[in-house]
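What follows is the content of model.txt, which has compact mmCIF, C-alpha atoms:
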# COMPACT_ATOMS: atom_id res chain seq x y z
CA SER A 149 -112.06 65.64 20.45
CA ALA A 150 -111.71 68.87 18.53
CA THR A 151 -114.21 71.63 19.18
CA GLY A 152 -117.54 70.79 17.61
CA GLN A 153 -116.86 67.04 17.20
CA SER A 154 -119.16 64.66 19.01
CA ALA A 155 -116.78 61.66 18.95
CA CYS A 156 -113.12 60.91 18.43
CA ARG A 157 -112.08 59.06 15.29
CA ARG A 158 -109.08 56.80 15.14
CA CYS A 159 -106.43 57.63 12.57
CA PRO A 160 -106.64 55.40 9.48
CA ILE A 161 -104.03 52.80 8.43
CA GLY A 162 -100.76 54.43 7.34
CA THR A 163 -101.18 57.40 9.72
CA PHE A 164 -100.75 58.21 13.41
CA ALA A 165 -101.90 60.90 15.85
CA THR A 166 -99.29 62.92 17.69
CA GLY A 167 -101.24 62.69 20.94
CA THR A 168 -104.53 61.73 22.58
CA GLY A 169 -107.41 63.86 21.36
CA SER A 170 -105.49 65.18 18.35
CA ALA A 171 -107.72 66.39 15.52
CA HIS A 172 -105.13 65.62 12.85
CA CYS A 173 -103.46 62.43 11.65
CA THR A 174 -99.91 62.45 10.30
CA SER A 175 -98.89 60.17 7.43
CA CYS A 176 -96.17 57.59 8.00
CA PRO A 177 -92.85 58.17 6.20
CA THR A 178 -92.74 57.08 2.55
CA GLY A 179 -93.03 53.35 2.11
CA LYS A 180 -94.19 52.67 5.68
CA THR A 181 -97.60 51.96 7.18
CA THR A 182 -99.27 50.95 10.44
CA GLN A 183 -100.74 47.56 11.22
CA GLY A 184 -104.18 49.00 11.83
CA PHE A 185 -106.16 52.04 12.99
CA GLY A 186 -105.51 54.44 15.84
CA TYR A 187 -101.75 54.45 16.26
CA ARG A 188 -100.16 57.31 18.20
CA SER A 189 -96.48 57.44 17.30
CA ILE A 190 -94.16 57.52 14.32
CA ASP A 191 -92.53 54.48 15.92
CA ASP A 192 -95.70 52.55 15.00
CA CYS A 193 -94.93 53.09 11.29
CA VAL A 194 -93.32 49.93 9.92
CA CYS A 195 -92.42 48.35 6.59
CA PRO A 196 -95.35 46.52 4.97
CA SER A 197 -95.58 42.93 3.75
CA GLY A 198 -93.12 42.18 0.92
CA THR A 199 -90.40 44.37 2.45
CA TYR A 200 -88.04 44.51 5.43
CA GLU A 201 -86.50 47.46 7.26
CA ASN A 202 -82.76 48.10 6.96
CA SER A 203 -80.63 49.82 9.62
CA ALA A 204 -81.24 53.23 8.03
CA GLY A 205 -85.01 52.77 8.50
CA SER A 206 -85.79 52.31 4.80
CA CYS A 207 -88.03 49.56 3.47
CA ILE A 208 -86.23 47.19 1.09
CA ALA A 209 -88.10 44.88 -1.31
CA CYS A 210 -87.77 41.22 -0.42
CA GLY A 211 -86.79 39.88 -3.85
CA GLU A 212 -86.83 36.48 -5.52
CA GLY A 213 -86.50 33.38 -3.35
CA ALA A 214 -87.59 35.05 -0.11
CA THR A 215 -90.71 36.08 1.73
CA CYS A 216 -91.04 39.13 3.93
CA ALA A 217 -94.05 39.26 6.23
CA GLY A 218 -93.22 42.88 6.99
CA PHE A 219 -94.26 44.63 10.22
CA GLY A 220 -90.88 43.94 11.87
CA ALA A 221 -90.57 40.26 10.94
CA GLU A 222 -87.24 38.97 9.63
CA PRO A 223 -87.05 37.93 5.96
CA GLU A 224 -87.11 34.18 5.30
CA ALA A 225 -85.94 32.06 2.37
CA LEU A 226 -88.51 30.05 0.45
CA VAL A 227 -88.13 26.26 0.10
CA GLY A 228 -85.28 25.55 -2.33
CA TYR A 229 -83.39 28.75 -1.43
CA TYR A 230 -80.68 29.54 1.12
CA LEU A 231 -80.55 32.94 2.86
CA SER A 232 -76.98 33.76 3.90
CA GLU A 233 -77.30 37.42 4.90
CA VAL A 234 -79.76 40.27 5.42
CA SER A 235 -78.00 43.57 4.68
CA ASP A 236 -78.90 47.22 4.18
CA ASP A 237 -78.61 46.74 0.40
CA GLY A 238 -80.66 43.56 0.06
CA LEU A 239 -80.71 39.85 0.75
CA SER A 240 -77.86 37.46 -0.09
CA ILE A 241 -79.86 34.47 -1.27
CA PHE A 242 -78.81 31.37 -3.23
CA THR A 243 -80.76 28.82 -5.23
CA CYS A 244 -80.23 25.23 -4.12
CA SER A 245 -80.43 23.99 -7.71
CA THR A 246 -78.58 20.68 -7.36
CA ASN A 247 -80.91 19.43 -4.64
CA PRO A 248 -83.65 21.82 -3.44
CA GLU A 249 -84.44 19.46 -0.54
CA ARG A 250 -81.21 20.62 1.12
CA CYS A 251 -82.76 24.05 1.64
CA PRO A 252 -86.04 23.92 3.60
CA GLY A 253 -86.38 27.72 3.68
CA GLY A 254 -86.38 29.85 6.81
CA VAL A 255 -84.25 32.48 8.50
CA VAL A 256 -80.55 33.16 7.79
CA GLY A 257 -78.45 29.97 7.69
CA THR A 258 -81.30 27.42 7.72
CA CYS A 259 -80.35 24.06 6.17
CA THR A 260 -81.86 20.59 6.36
CA THR A 261 -80.59 18.10 8.95
CA GLY A 262 -76.81 17.78 9.02
CA ARG A 263 -76.16 20.29 6.21
CA THR A 264 -74.14 23.52 6.33
CA GLY A 265 -72.41 26.09 4.08
CA TYR A 266 -73.65 28.21 1.19
CA ALA A 267 -76.71 26.65 -0.42
CA CYS A 268 -76.42 23.88 2.19
CA ALA A 269 -73.89 22.11 -0.06
CA GLU A 270 -71.81 20.41 2.64
CA CYS A 271 -72.42 17.88 5.39
CA HIS A 272 -71.22 18.64 8.91
CA GLU A 273 -67.85 17.10 9.73
CA GLY A 274 -68.33 13.44 10.62
CA TRP A 275 -71.61 13.25 8.68
CA SER A 276 -72.36 11.70 5.28
CA PRO A 277 -75.03 12.52 2.67
CA THR A 278 -78.25 10.55 2.34
CA ARG A 279 -80.41 10.09 -0.76
CA ASP A 280 -83.06 12.55 0.46
CA GLY A 281 -80.67 15.53 0.60
CA GLN A 282 -80.04 15.35 4.34
CA CYS A 283 -76.90 14.18 6.12
CA GLU A 284 -76.55 11.67 8.91
CA PRO A 285 -73.77 10.93 11.40
CA CYS A 286 -71.20 8.47 10.06
CA GLN A 287 -71.30 5.09 11.72
CA ALA A 288 -68.04 3.73 13.13
CA GLY A 289 -68.79 0.42 11.37
CA ASP A 290 -68.98 2.08 7.93
CA VAL A 291 -65.26 2.82 7.91
CA ALA A 292 -64.27 -0.44 9.62
CA VAL A 293 -66.05 -2.61 7.02
CA ALA A 294 -64.42 -0.70 4.17
CA ILE A 295 -60.97 -1.12 5.72
CA VAL A 296 -61.45 -4.87 6.30
CA VAL A 297 -62.72 -5.47 2.75
CA PHE A 298 -59.89 -3.38 1.28
CA GLY A 299 -57.34 -5.25 3.38
CA LEU A 300 -58.65 -8.68 2.34
CA ALA A 301 -58.76 -7.67 -1.32
CA SER A 302 -55.18 -6.39 -1.11
CA LEU A 303 -53.96 -9.64 0.47
CA GLY A 304 -55.74 -11.69 -2.20
CA LEU A 305 -54.21 -9.65 -5.00
CA ALA A 306 -50.75 -9.87 -3.42
CA GLY A 307 -51.13 -13.66 -3.20
CA LEU A 308 -52.12 -13.95 -6.85
CA TYR A 309 -49.17 -11.81 -7.85
CA ALA A 310 -46.65 -13.78 -5.78
CA TYR A 311 -47.63 -17.19 -7.20
CA GLY A 312 -48.11 -16.23 -10.85
CA SER A 313 -45.66 -16.45 -13.78
CA LYS A 314 -44.03 -13.34 -15.31
CA GLU A 315 -46.67 -13.12 -18.10
CA GLN A 316 -49.41 -13.67 -15.59
CA LYS A 317 -47.89 -10.98 -13.35
CA LEU A 318 -48.25 -8.38 -16.10
CA GLN A 319 -51.83 -9.43 -16.74
CA SER A 320 -52.44 -9.65 -13.02
CA SER A 321 -51.19 -6.08 -12.50
CA ALA A 322 -53.77 -4.71 -14.92
CA THR A 323 -56.47 -6.87 -13.39
CA SER A 324 -55.40 -5.81 -9.90
CA ALA A 325 -55.64 -2.14 -10.83
CA THR A 326 -59.11 -2.70 -12.31
CA ILE A 327 -60.27 -4.57 -9.22
CA PHE A 328 -58.86 -1.87 -6.93
CA LEU A 329 -60.57 0.95 -8.87
CA THR A 330 -63.87 -0.96 -8.90
CA PHE A 331 -63.60 -1.55 -5.17
CA ALA A 332 -62.87 2.14 -4.53
CA GLN A 333 -65.95 3.11 -6.55
CA VAL A 334 -68.14 0.65 -4.62
CA VAL A 335 -66.91 2.12 -1.32
CA MET A 336 -67.70 5.66 -2.56
CA VAL A 337 -71.24 4.63 -3.56
CA LEU A 338 -71.82 2.92 -0.20
CA GLN A 339 -70.76 6.08 1.63
CA MET A 340 -73.41 8.14 -0.18
Have the structure of the file written as structure tokens, please.
Amino acid sequence: SATGQSACRRCPIGTFATGTGSAHCTSCPTGKTTQGFGYRSIDDCVCPSGTYENSAGSCIACGEGATCAGFGAEPEALVGYYLSEVSDDGLSIFTCSTNPERCPGGVVGTCTTGRTGYACAECHEGWSPTRDGQCEPCQAGDVAVAIVVFGLASLGLAGLYAYGSKEQKLQSSATSATIFLTFAQVVMVLQM
């Protein structure tokens, strides 16, 4: 304690003492604070809640779509947002507007199950989308059933074409194209 003091006092929040028994507290650099009372080093000065520290030691505001706990914690995206990068200039964050369920929030690169890419827009290779925004591994049977049905439909259409008259063949061609396009659409819907 300093001469004439009966007890030591801890430095208040946002300040630090340069040594044990110091009579003076030094303020943290602009924009920084301490997590409590009685800190003893400038290294204890950190960016507060709502900000994160860049490589130059400055506190950067978190911004829309993210939360920053401060005090050394990494920024995290809120639910419905995708955080792709934390840089010295700010956060690269995207809104998952088409389907917010794809982006559960979290640290850089966090997507829901089976999703990847900016704003979690893509499924991993070999995965297919589900109705709830996630992706699941493709089943070997999914492709096999589609191939068998397509093959049978093609054989049936070829048979109709081979045994029909010339007028019927022209009509059959249009009908065949319609059936094929309808089948292709059904397969696409089943894969979703």
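The closest residue to Thr246 (chain A), picked from A:Phe219, A:Gly262, A:Cys207, A:Gly281 and counting all atoms listed in the file, is A:Gly281.
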Using all atoms listed in the file, can you list as a PyMOL selection string the residues within 9 Å of (-78.2, 48.4, 3.4)? chain A and resi 202-204+206+208+234-238
Please produce an output containing C-alpha atoms for each residue in the selection, written as a tab-separated table (two decimals), in the coordinates of the input.
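File again_14.tsv, as written:
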chain	number	residue	atom	x	y	z
A	202	ASN	CA	-82.76	48.10	6.96
A	203	SER	CA	-80.63	49.82	9.62
A	204	ALA	CA	-81.24	53.23	8.03
A	206	SER	CA	-85.79	52.31	4.80
A	208	ILE	CA	-86.23	47.19	1.09
A	234	VAL	CA	-79.76	40.27	5.42
A	235	SER	CA	-78.00	43.57	4.68
A	236	ASP	CA	-78.90	47.22	4.18
A	237	ASP	CA	-78.61	46.74	0.40
A	238	GLY	CA	-80.66	43.56	0.06
Using 3 Å of padding on each side, determine the axis-aligned box around all atoms of region 251-260 of chain A present in the file and give its centre and edge lengths in Å to one decimal, as AutoDock Vina command-line options.
--center_x -82.4 --center_y 26.9 --center_z 5.1 --size_x 13.9 --size_y 18.6 --size_z 12.9
Write out as a CSV table (one decimal) with C-alpha atoms, in the frame of the given file which residues come within 10 Å of region 272-279 of chain A when counting all atoms listed in the file, dropping same-chain ones fewer than 5 positions away.
chain,number,residue,atom,x,y,z
A,261,THR,CA,-80.6,18.1,9.0
A,262,GLY,CA,-76.8,17.8,9.0
A,263,ARG,CA,-76.2,20.3,6.2
A,264,THR,CA,-74.1,23.5,6.3
A,265,GLY,CA,-72.4,26.1,4.1
A,284,GLU,CA,-76.6,11.7,8.9
A,285,PRO,CA,-73.8,10.9,11.4
A,286,CYS,CA,-71.2,8.5,10.1
A,287,GLN,CA,-71.3,5.1,11.7
A,339,GLN,CA,-70.8,6.1,1.6
A,340,MET,CA,-73.4,8.1,-0.2
For the point (-87.0, 35.4, 5.8) in the file's frame, write as a PyMOL selection string all residues with an atom no more than 12 Å away, counting all atoms listed in the file. chain A and resi 197-200+209-218+220-227+229-234+238-241+252-258
Generate a file of the selected residues that holds C-alpha atoms, formatted as a PDB file, in the coordinates of the input.
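That gives us part-v6.pdb:
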ATOM      1  CA  SER A 197     -95.580  42.930   3.750  1.00  0.00           C
ATOM      2  CA  GLY A 198     -93.120  42.180   0.920  1.00  0.00           C
ATOM      3  CA  THR A 199     -90.400  44.370   2.450  1.00  0.00           C
ATOM      4  CA  TYR A 200     -88.040  44.510   5.430  1.00  0.00           C
ATOM      5  CA  ALA A 209     -88.100  44.880  -1.310  1.00  0.00           C
ATOM      6  CA  CYS A 210     -87.770  41.220  -0.420  1.00  0.00           C
ATOM      7  CA  GLY A 211     -86.790  39.880  -3.850  1.00  0.00           C
ATOM      8  CA  GLU A 212     -86.830  36.480  -5.520  1.00  0.00           C
ATOM      9  CA  GLY A 213     -86.500  33.380  -3.350  1.00  0.00           C
ATOM     10  CA  ALA A 214     -87.590  35.050  -0.110  1.00  0.00           C
ATOM     11  CA  THR A 215     -90.710  36.080   1.730  1.00  0.00           C
ATOM     12  CA  CYS A 216     -91.040  39.130   3.930  1.00  0.00           C
ATOM     13  CA  ALA A 217     -94.050  39.260   6.230  1.00  0.00           C
ATOM     14  CA  GLY A 218     -93.220  42.880   6.990  1.00  0.00           C
ATOM     15  CA  GLY A 220     -90.880  43.940  11.870  1.00  0.00           C
ATOM     16  CA  ALA A 221     -90.570  40.260  10.940  1.00  0.00           C
ATOM     17  CA  GLU A 222     -87.240  38.970   9.630  1.00  0.00           C
ATOM     18  CA  PRO A 223     -87.050  37.930   5.960  1.00  0.00           C
ATOM     19  CA  GLU A 224     -87.110  34.180   5.300  1.00  0.00           C
ATOM     20  CA  ALA A 225     -85.940  32.060   2.370  1.00  0.00           C
ATOM     21  CA  LEU A 226     -88.510  30.050   0.450  1.00  0.00           C
ATOM     22  CA  VAL A 227     -88.130  26.260   0.100  1.00  0.00           C
ATOM     23  CA  TYR A 229     -83.390  28.750  -1.430  1.00  0.00           C
ATOM     24  CA  TYR A 230     -80.680  29.540   1.120  1.00  0.00           C
ATOM     25  CA  LEU A 231     -80.550  32.940   2.860  1.00  0.00           C
ATOM     26  CA  SER A 232     -76.980  33.760   3.900  1.00  0.00           C
ATOM     27  CA  GLU A 233     -77.300  37.420   4.900  1.00  0.00           C
ATOM     28  CA  VAL A 234     -79.760  40.270   5.420  1.00  0.00           C
ATOM     29  CA  GLY A 238     -80.660  43.560   0.060  1.00  0.00           C
ATOM     30  CA  LEU A 239     -80.710  39.850   0.750  1.00  0.00           C
ATOM     31  CA  SER A 240     -77.860  37.460  -0.090  1.00  0.00           C
ATOM     32  CA  ILE A 241     -79.860  34.470  -1.270  1.00  0.00           C
ATOM     33  CA  PRO A 252     -86.040  23.920   3.600  1.00  0.00           C
ATOM     34  CA  GLY A 253     -86.380  27.720   3.680  1.00  0.00           C
ATOM     35  CA  GLY A 254     -86.380  29.850   6.810  1.00  0.00           C
ATOM     36  CA  VAL A 255     -84.250  32.480   8.500  1.00  0.00           C
ATOM     37  CA  VAL A 256     -80.550  33.160   7.790  1.00  0.00           C
ATOM     38  CA  GLY A 257     -78.450  29.970   7.690  1.00  0.00           C
ATOM     39  CA  THR A 258     -81.300  27.420   7.720  1.00  0.00           C
TER      40      THR A 258
END
To one decimal in Å, tell me the separation between CA of Thr163 (chain A) and CA of Gly205 (chain A).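 A separation of 16.9 Å between them.
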Go through A:Pro248, A:Gly167, A:Gly162, A:Gly228 one by one, measure the shortest atom-to-atom distance of each to Val194 (chain A) using all atoms listed in the file, and give the residue with the smallest value. A:Gly162
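You will find CA of Arg158 (chain A) at 19.9 Å from CA of Pro196 (chain A).
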Shortest interatomic distance to Phe185 (chain A) - which of A:Glu201, A:Cys283, A:Gly169, A:Arg157, counting all atoms listed in the file: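 Checking each candidate against Phe185 (chain A), we get A:Arg157 as the closest.
The space separating CA of Cys159 (chain A) from CA of Ala171 (chain A) comes to 9.3 Å.
Compared by their closest atoms to Tyr187 (chain A), and using all atoms listed in the file, the residues A:Thr330, A:Cys251, A:Ala165, A:Ser175 rank with A:Ala165 nearest.
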Write out as a PyMOL selection string each polymer residue whose atoms come within 10 Å of Phe164 (chain A), counting all atoms listed in the file; drop sequence neighbours fewer than 3 positions from it. chain A and resi 158-161+167+170+172-176+181-182+184-193
Resulting file, chosen residues, C-alpha atoms, as a JSON list (two decimals), in the coordinates of the input:
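Result file is again.json:
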[["chain", "number", "residue", "atom", "x", "y", "z"],
["A", 158, "ARG", "CA", -109.08, 56.80, 15.14],
["A", 159, "CYS", "CA", -106.43, 57.63, 12.57],
["A", 160, "PRO", "CA", -106.64, 55.40, 9.48],
["A", 161, "ILE", "CA", -104.03, 52.80, 8.43],
["A", 167, "GLY", "CA", -101.24, 62.69, 20.94],
["A", 170, "SER", "CA", -105.49, 65.18, 18.35],
["A", 172, "HIS", "CA", -105.13, 65.62, 12.85],
["A", 173, "CYS", "CA", -103.46, 62.43, 11.65],
["A", 174, "THR", "CA", -99.91, 62.45, 10.30],
["A", 175, "SER", "CA", -98.89, 60.17, 7.43],
["A", 176, "CYS", "CA", -96.17, 57.59, 8.00],
["A", 181, "THR", "CA", -97.60, 51.96, 7.18],
["A", 182, "THR", "CA", -99.27, 50.95, 10.44],
["A", 184, "GLY", "CA", -104.18, 49.00, 11.83],
["A", 185, "PHE", "CA", -106.16, 52.04, 12.99],
["A", 186, "GLY", "CA", -105.51, 54.44, 15.84],
["A", 187, "TYR", "CA", -101.75, 54.45, 16.26],
["A", 188, "ARG", "CA", -100.16, 57.31, 18.20],
["A", 189, "SER", "CA", -96.48, 57.44, 17.30],
["A", 190, "ILE", "CA", -94.16, 57.52, 14.32],
["A", 191, "ASP", "CA", -92.53, 54.48, 15.92],
["A", 192, "ASP", "CA", -95.70, 52.55, 15.00],
["A", 193, "CYS", "CA", -94.93, 53.09, 11.29]]
